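Asks: What follows is the file model-v1.txt, containing compact mmCIF, C-alpha atoms:
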```
# COMPACT_ATOMS: atom_id res chain seq x y z
CA THR A 803 -28.86 -14.06 -26.68
CA GLN A 804 -27.77 -13.26 -23.15
CA LEU A 805 -27.93 -9.59 -22.34
CA LEU A 806 -26.83 -7.59 -19.35
CA GLU A 807 -28.58 -4.25 -19.26
CA GLN A 808 -27.07 -1.52 -17.15
CA SER A 809 -28.79 1.61 -15.92
CA PRO A 810 -28.35 4.45 -16.01
CA GLN A 811 -26.27 4.72 -19.18
CA PHE A 812 -24.81 8.07 -18.14
CA LEU A 813 -24.52 9.73 -14.77
CA SER A 814 -23.05 13.12 -13.93
CA ILE A 815 -23.00 14.04 -10.25
CA GLN A 816 -21.31 16.37 -7.84
CA GLU A 817 -18.52 15.26 -5.53
CA GLY A 818 -19.95 13.91 -2.27
CA GLU A 819 -23.19 12.57 -3.73
CA ASN A 820 -24.25 8.93 -3.54
CA LEU A 821 -25.23 6.83 -6.56
CA THR A 822 -26.38 3.35 -7.53
CA VAL A 823 -25.76 1.55 -10.80
CA TYR A 824 -27.89 -1.43 -11.78
CA CYS A 825 -27.08 -4.50 -13.86
CA ASN A 826 -30.04 -6.68 -14.92
CA SER A 827 -30.55 -9.82 -16.96
CA SER A 828 -33.07 -12.57 -17.55
CA SER A 829 -30.25 -15.12 -17.35
CA VAL A 830 -28.85 -16.77 -14.24
CA PHE A 831 -25.14 -16.29 -13.73
CA SER A 832 -22.76 -18.47 -11.76
CA SER A 833 -20.72 -15.38 -10.98
CA LEU A 834 -20.81 -11.69 -11.68
CA GLN A 835 -17.98 -9.21 -11.79
CA TRP A 836 -17.74 -5.43 -11.85
CA TYR A 837 -14.98 -3.67 -13.78
CA ARG A 838 -14.03 -0.02 -14.19
CA GLN A 839 -12.53 1.26 -17.42
CA GLU A 840 -10.79 4.58 -17.85
CA PRO A 841 -10.13 6.27 -21.21
CA GLY A 842 -7.35 4.60 -23.19
CA GLU A 843 -7.15 1.63 -20.86
CA GLY A 844 -8.65 -1.82 -20.54
CA PRO A 845 -11.21 -2.66 -17.84
CA VAL A 846 -9.88 -3.39 -14.35
CA LEU A 847 -11.63 -5.78 -11.97
CA LEU A 848 -13.28 -4.28 -8.89
CA VAL A 849 -15.06 -7.29 -7.40
CA THR A 850 -16.43 -10.79 -8.02
CA VAL A 851 -19.67 -12.04 -6.43
CA VAL A 852 -20.76 -15.65 -6.64
CA THR A 853 -23.51 -16.30 -4.09
CA GLY A 854 -27.10 -15.08 -4.42
CA GLY A 855 -27.68 -12.23 -1.98
CA GLU A 856 -23.97 -11.69 -1.46
CA VAL A 857 -22.84 -8.20 -0.48
CA LYS A 858 -19.23 -7.05 -0.78
CA LYS A 859 -17.73 -3.75 0.24
CA LEU A 860 -14.65 -2.11 -1.21
CA LYS A 861 -14.04 1.14 0.67
CA ARG A 862 -16.87 3.44 -0.51
CA LEU A 863 -18.20 0.91 -3.03
CA THR A 864 -20.85 -1.66 -2.11
CA PHE A 865 -21.71 -4.49 -4.48
CA GLN A 866 -24.73 -6.76 -4.23
CA PHE A 867 -25.65 -9.91 -6.15
CA GLY A 868 -29.37 -10.54 -6.48
CA ASP A 869 -30.92 -13.50 -4.67
CA ALA A 870 -31.76 -15.18 -7.99
CA ARG A 871 -28.29 -14.38 -9.41
CA LYS A 872 -29.81 -12.49 -12.34
CA ASP A 873 -28.97 -8.95 -11.28
CA SER A 874 -26.49 -6.87 -9.35
CA SER A 875 -26.01 -3.36 -8.09
CA LEU A 876 -23.08 -1.09 -7.34
CA HIS A 877 -23.54 1.68 -4.80
CA ILE A 878 -20.96 4.42 -4.36
CA THR A 879 -21.05 6.57 -1.23
CA ALA A 880 -19.67 10.10 -1.27
CA ALA A 881 -18.44 9.94 -4.85
CA GLN A 882 -15.09 11.51 -5.68
CA PRO A 883 -13.66 12.74 -9.01
CA GLY A 884 -11.36 9.70 -8.99
CA ASP A 885 -14.45 7.49 -9.33
CA THR A 886 -15.03 8.84 -12.84
CA GLY A 887 -15.01 6.11 -15.48
CA LEU A 888 -17.01 3.48 -17.35
CA TYR A 889 -18.45 0.87 -15.00
CA LEU A 890 -19.09 -2.54 -16.52
CA CYS A 891 -20.75 -5.62 -15.06
CA ALA A 892 -19.83 -9.01 -16.50
CA GLY A 893 -21.52 -12.34 -15.91
CA VAL A 894 -20.55 -15.93 -16.55
CA THR A 895 -23.15 -18.66 -16.99
CA SER A 896 -22.54 -22.20 -15.84
CA GLY A 897 -20.78 -24.42 -18.37
CA THR A 898 -19.37 -21.58 -20.45
CA TYR A 899 -16.11 -19.73 -20.55
CA LYS A 900 -17.30 -16.41 -21.90
CA TYR A 901 -17.87 -13.34 -19.81
CA ILE A 902 -20.94 -11.41 -20.98
CA PHE A 903 -20.39 -7.71 -20.44
CA GLY A 904 -23.09 -5.20 -19.70
CA THR A 905 -23.88 -2.13 -21.75
CA GLY A 906 -21.88 0.06 -19.35
CA THR A 907 -22.55 3.08 -17.15
CA ARG A 908 -20.45 6.14 -17.77
CA LEU A 909 -19.97 8.06 -14.52
CA LYS A 910 -18.60 11.57 -14.24
CA VAL A 911 -18.01 13.06 -10.81
CA LEU A 912 -17.56 16.82 -10.79
CA ALA A 913 -15.35 18.52 -8.21
CA ASP B 280 5.77 -8.44 -13.85
CA ALA B 281 4.56 -7.47 -17.32
CA GLY B 282 0.86 -7.19 -17.76
CA VAL B 283 -1.07 -7.87 -20.95
CA THR B 284 0.50 -6.18 -23.95
CA GLN B 285 -1.20 -5.58 -27.28
CA SER B 286 0.05 -4.33 -30.61
CA PRO B 287 -0.43 -2.22 -32.54
CA THR B 288 -2.16 0.39 -30.38
CA HIS B 289 -3.76 2.17 -33.31
CA LEU B 290 -4.20 1.30 -36.95
CA ILE B 291 -6.16 2.46 -39.97
CA LYS B 292 -7.31 0.13 -42.74
CA THR B 293 -9.61 0.39 -45.72
CA ARG B 294 -12.65 -1.74 -46.46
CA GLY B 295 -11.81 -5.19 -47.78
CA GLN B 296 -8.35 -5.30 -46.23
CA GLN B 297 -7.16 -7.77 -43.62
CA VAL B 298 -5.72 -7.02 -40.20
CA THR B 299 -3.75 -8.97 -37.58
CA LEU B 300 -3.71 -7.90 -33.94
CA ARG B 301 -1.32 -9.37 -31.39
CA CYS B 302 -1.49 -10.05 -27.67
CA SER B 303 0.97 -11.24 -25.06
CA PRO B 304 -0.77 -12.43 -21.91
CA LYS B 305 0.19 -11.62 -18.34
CA SER B 306 3.08 -13.75 -17.15
CA GLY B 307 1.84 -17.14 -15.98
CA HIS B 308 -1.53 -16.92 -17.72
CA ASP B 309 -2.55 -19.62 -20.18
CA THR B 310 -5.88 -18.41 -21.51
CA VAL B 311 -6.53 -15.53 -23.89
CA SER B 312 -9.90 -14.01 -24.77
CA TRP B 313 -10.60 -11.37 -27.38
CA TYR B 314 -13.30 -8.73 -27.14
CA GLN B 315 -14.62 -6.05 -29.49
CA GLN B 316 -15.67 -2.79 -27.86
CA ALA B 317 -17.57 -0.26 -29.95
CA LEU B 318 -17.46 3.34 -28.85
CA GLY B 319 -19.46 3.90 -25.67
CA GLN B 320 -20.48 0.26 -25.30
CA GLY B 321 -19.45 -2.77 -23.30
CA PRO B 322 -17.00 -5.33 -24.70
CA GLN B 323 -18.45 -8.11 -26.86
CA PHE B 324 -16.89 -11.58 -26.61
CA ILE B 325 -15.25 -12.76 -29.84
CA PHE B 326 -13.54 -16.00 -28.76
CA GLN B 327 -11.30 -17.62 -26.20
CA TYR B 328 -8.13 -19.64 -26.74
CA TYR B 329 -6.72 -22.25 -24.42
CA GLU B 330 -4.07 -24.88 -25.16
CA GLU B 331 -3.72 -23.44 -28.66
CA GLU B 332 -7.34 -24.16 -29.53
CA GLU B 333 -10.48 -22.04 -29.77
CA ARG B 334 -12.43 -23.10 -26.70
CA GLN B 335 -15.50 -20.92 -27.13
CA ARG B 336 -16.77 -18.44 -29.67
CA GLY B 337 -19.17 -15.53 -29.55
CA ASN B 338 -21.55 -14.35 -32.26
CA PHE B 339 -18.96 -13.17 -34.76
CA PRO B 340 -18.66 -14.23 -38.41
CA ASP B 341 -15.94 -16.49 -39.74
CA ARG B 342 -14.08 -13.39 -40.96
CA PHE B 343 -12.82 -13.24 -37.38
CA SER B 344 -10.24 -15.90 -36.67
CA GLY B 345 -7.48 -16.38 -34.18
CA HIS B 346 -4.52 -18.35 -33.08
CA GLN B 347 -2.70 -19.14 -29.88
CA PHE B 348 0.98 -20.01 -29.86
CA PRO B 349 2.85 -22.40 -27.55
CA ASN B 350 4.06 -19.43 -25.47
CA TYR B 351 0.34 -18.52 -24.89
CA SER B 352 0.51 -15.35 -26.98
CA SER B 353 -2.34 -14.88 -29.42
CA GLU B 354 -3.35 -13.24 -32.66
CA LEU B 355 -6.71 -11.99 -33.87
CA ASN B 356 -7.21 -11.85 -37.63
CA VAL B 357 -10.05 -10.07 -39.36
CA ASN B 358 -10.55 -10.53 -43.11
CA ALA B 359 -12.57 -8.49 -45.59
CA LEU B 360 -12.85 -5.54 -43.23
CA LEU B 361 -16.15 -3.66 -43.03
CA LEU B 362 -16.77 -0.16 -41.75
CA GLY B 363 -18.60 -1.71 -38.80
CA ASP B 364 -15.43 -3.47 -37.69
CA SER B 365 -14.09 -0.15 -36.45
CA ALA B 366 -13.71 -0.60 -32.71
CA LEU B 367 -11.33 -1.10 -29.80
CA TYR B 368 -10.14 -4.70 -29.72
CA LEU B 369 -9.29 -5.88 -26.25
CA CYS B 370 -7.26 -8.89 -25.27
CA ALA B 371 -7.80 -10.40 -21.83
CA SER B 372 -5.71 -13.07 -20.18
CA SER B 373 -6.65 -15.37 -17.34
CA LEU B 374 -5.77 -18.66 -15.70
CA ALA B 375 -7.78 -21.65 -16.88
CA GLY B 376 -7.91 -23.12 -13.40
CA THR B 377 -9.79 -20.13 -11.98
CA GLY B 378 -12.97 -21.10 -13.80
CA SER B 379 -15.93 -18.75 -13.83
CA THR B 380 -14.64 -16.55 -11.02
CA GLY B 381 -11.26 -15.80 -12.47
CA GLU B 382 -10.16 -12.25 -13.03
CA LEU B 383 -9.70 -11.06 -16.58
CA PHE B 384 -6.58 -8.94 -17.05
CA PHE B 385 -6.99 -6.63 -20.01
CA GLY B 386 -4.51 -4.95 -22.27
CA GLU B 387 -4.96 -1.35 -23.35
CA GLY B 388 -6.42 -2.48 -26.64
CA SER B 389 -5.85 -1.97 -30.35
CA ARG B 390 -8.01 0.74 -31.86
CA LEU B 391 -8.93 -0.17 -35.42
CA THR B 392 -10.41 2.36 -37.80
CA VAL B 393 -11.79 1.11 -41.10
CA LEU B 394 -12.26 3.73 -43.82
```
For the file at hand, write its structure as structure tokens.
Replies:
Amino acid sequence: TQLLEQSPQFLSIQEGENLTVYCNSSSVFSSLQWYRQEPGEGPVLLVTVVTGGEVKKLKRLTFQFGDARKDSSLHITAAQPGDTGLYLCAGVTSGTYKYIFGTGTRLKVLA
Amino acid sequence: DAGVTQSPTHLIKTRGQQVTLRCSPKSGHDTVSWYQQALGQGPQFIFQYYEEEERQRGNFPDRFSGHQFPNYSSELNVNALLLGDSALYLCASSLAGTGSTGELFFGEGSRLTVL
């Protein structure tokens, strides 16, 4: 069974702090995506990474795909209350159509 | 441009009953995937439909079945409901041609409570 473990599970920080969320697996993925889900809504795509070692930036968010394409990280600089939500990583293995979602990291940024 | 729409948004059933959930994909999308999301957890893949056929299935029992119609809309059916089936059921649409890097567009989900 392919698993994507995320850490930490929960994170509560003050506005302005930095944080990193990790997504780890023993499986190799052909691509990995990060989604954010807010209460009462479905997940919304933040980024897709496909190349080992790839780094993508989206304003204050920095995403990295591990060299071996088994792990990824999401770093948020100067977190804001609007960043609050459930962050999910999702990987796809070669030859399949299913996206395996991680266990999720629930982030709360306090003003 | 309408996004993914799901119905009903909330429903309550009792053990042993059957339920049908519906999904209309984003305009132009031809592929529909269904996910089960338990409270506080990540979505779990149930199955994916493309060209009116189940293309891939996750680790869910045969009580979970689906259908895709010629207009790409889809239904998820769950028979003989168990308490553990209580969850948010998410429908995601995508374009088949985007392969493993395609974006999944999610609906707001159908929250099922089994008593």
Asks: For the interface of chain A with chain B (cut-off 9 Å, counting all atoms listed in the file), please tabulate each contacting residue of chain A alongside its nearest pair of atoms and their separation in Å to one decimal, rows sorted by chain and increasing number, as a Markdown table.
Replies:
```
| residue | atom | partner | partner_atom | distance |
| --- | --- | --- | --- | --- |
| A:Ser832 | CA | B:Ser379 | CA | 7.1 |
| A:Ser833 | CA | B:Thr380 | CA | 6.2 |
| A:Leu834 | CA | B:Thr380 | CA | 7.9 |
| A:Gln835 | CA | B:Thr380 | CA | 8.1 |
| A:Gly842 | CA | B:Glu387 | CA | 6.4 |
| A:Glu843 | CA | B:Glu387 | CA | 4.5 |
| A:Gly844 | CA | B:Glu387 | CA | 4.7 |
| A:Pro845 | CA | B:Phe385 | CA | 6.2 |
| A:Val846 | CA | B:Phe384 | CA | 7.0 |
| A:Leu847 | CA | B:Glu382 | CA | 6.7 |
| A:Val849 | CA | B:Glu382 | CA | 9.0 |
| A:Thr850 | CA | B:Thr380 | CA | 6.7 |
| A:Val851 | CA | B:Thr380 | CA | 8.2 |
| A:Val852 | CA | B:Thr380 | CA | 7.6 |
| A:Leu888 | CA | B:Gly319 | CA | 8.7 |
| A:Leu890 | CA | B:Gly321 | CA | 6.8 |
| A:Cys891 | CA | B:Gly321 | CA | 8.8 |
| A:Gly893 | CA | B:Ser379 | CA | 8.8 |
| A:Val894 | CA | B:Ser379 | CA | 6.1 |
| A:Thr895 | CA | B:Ser379 | CA | 7.9 |
| A:Ser896 | CA | B:Ser379 | CA | 7.7 |
| A:Gly897 | CA | B:Ser379 | CA | 8.7 |
| A:Thr898 | CA | B:Gln335 | CA | 7.7 |
| A:Tyr899 | CA | B:Gln335 | CA | 6.7 |
| A:Lys900 | CA | B:Phe324 | CA | 6.8 |
| A:Tyr901 | CA | B:Phe324 | CA | 7.1 |
| A:Ile902 | CA | B:Phe324 | CA | 6.9 |
| A:Phe903 | CA | B:Gly321 | CA | 5.8 |
| A:Gly904 | CA | B:Gly321 | CA | 5.7 |
| A:Thr905 | CA | B:Gly321 | CA | 4.7 |
| A:Gly906 | CA | B:Gly321 | CA | 5.4 |
| A:Thr907 | CA | B:Gln320 | CA | 8.9 |
| A:Arg908 | CA | B:Gly319 | CA | 8.3 |
```
Asks: In Å to one decimal, how far is atom CA of B:Glu331 from atom CA of B:Ser353?
Replies: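 According to the coordinates, atom CA of B:Ser353 and atom CA of B:Glu331 are separated by 8.7 Å.
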Asks: Of the residues A:Ala913, A:Cys825, A:Leu848, A:Leu805, which is the one nearest to A:Gln882, using only C-alpha atoms?
Replies: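 For A:Gln882, the nearest of the given residues is A:Ala913.
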Asks: For a quick check of understanding, using all atoms listed in the file, which of A:Lys910, A:Pro810, A:Ser874, A:Ala881 has the smallest distance to A:Lys861?
Replies: A:Ala881
Asks: Determine, counting only C-alpha atoms, every residue of protein, DNA or RNA that lies within 8 Å of (-13.7, -14.2, -37.0) in the file coordinates, then give the result as an mmCIF file with C-alpha atoms, keeping the file's coordinate frame.
Replies:
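Below you can see out02.cif, which holds the result:
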```cif
data_model
loop_
_atom_site.group_PDB
_atom_site.id
_atom_site.type_symbol
_atom_site.label_atom_id
_atom_site.label_comp_id
_atom_site.auth_asym_id
_atom_site.auth_seq_id
_atom_site.Cartn_x
_atom_site.Cartn_y
_atom_site.Cartn_z
ATOM 1 C CA ILE B 325 -15.250 -12.760 -29.840
ATOM 2 C CA PHE B 339 -18.960 -13.170 -34.760
ATOM 3 C CA PRO B 340 -18.660 -14.230 -38.410
ATOM 4 C CA ASP B 341 -15.940 -16.490 -39.740
ATOM 5 C CA ARG B 342 -14.080 -13.390 -40.960
ATOM 6 C CA PHE B 343 -12.820 -13.240 -37.380
ATOM 7 C CA SER B 344 -10.240 -15.900 -36.670
ATOM 8 C CA GLY B 345 -7.480 -16.380 -34.180
ATOM 9 C CA LEU B 355 -6.710 -11.990 -33.870
ATOM 10 C CA ASN B 356 -7.210 -11.850 -37.630
ATOM 11 C CA VAL B 357 -10.050 -10.070 -39.360
ATOM 12 C CA ASN B 358 -10.550 -10.530 -43.110
#
```
Asks: Hey, which of A:Glu817, A:Glu840, A:Phe831, A:Leu863 ends up closest to A:Ile878? Count all atoms listed in the file.
Replies: A:Leu863
Asks: Using all atoms listed in the file, which of the listed residues (B:Glu333, B:Asp309, B:Asn350, B:Ala317) sits closest to B:Gly376?
Replies: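 Answer, going by the shortest atom-to-atom distance: B:Asp309.
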Asks: Quote the spacing between atom CA of A:Thr853 and atom CA of A:Ser809 in Å to one decimal place.
Replies: 22.1 Å
Asks: Would you please work out which residue, of B:Asp364, B:Val311, B:Ser303, B:Ser352, is nearest to B:Ile291 when using only C-alpha atoms?
Replies: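 Looking only at the distances to B:Ile291, the closest residue turns out to be B:Asp364.
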Asks: So that all listed atoms of stretch 870-881 of chain A fit with 8 Å spare on each side, what axis-aligned box centre and edge lengths in Å, to one decimal, would you give as lines of an AutoDock Vina configuration file?
Replies:
```
center_x = -25.1
center_y = -2.5
center_z = -6.8
size_x = 29.3
size_y = 41.3
size_z = 27.1
```
Asks: Any idea what the distance is between atom CA of A:Tyr824 and atom CA of A:Ser875?
Replies: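 Computed distance, atom CA of A:Tyr824 to atom CA of A:Ser875, equals 4.6 Å.
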Asks: Do you know which residues lie at most 12 Å from (-25.6, 15.1, -10.1), with coordinates as in the file and only C-alpha atoms counted, and could you write them as a ChimeraX atom specification?
Replies: /A:812-821,880-882,909-913
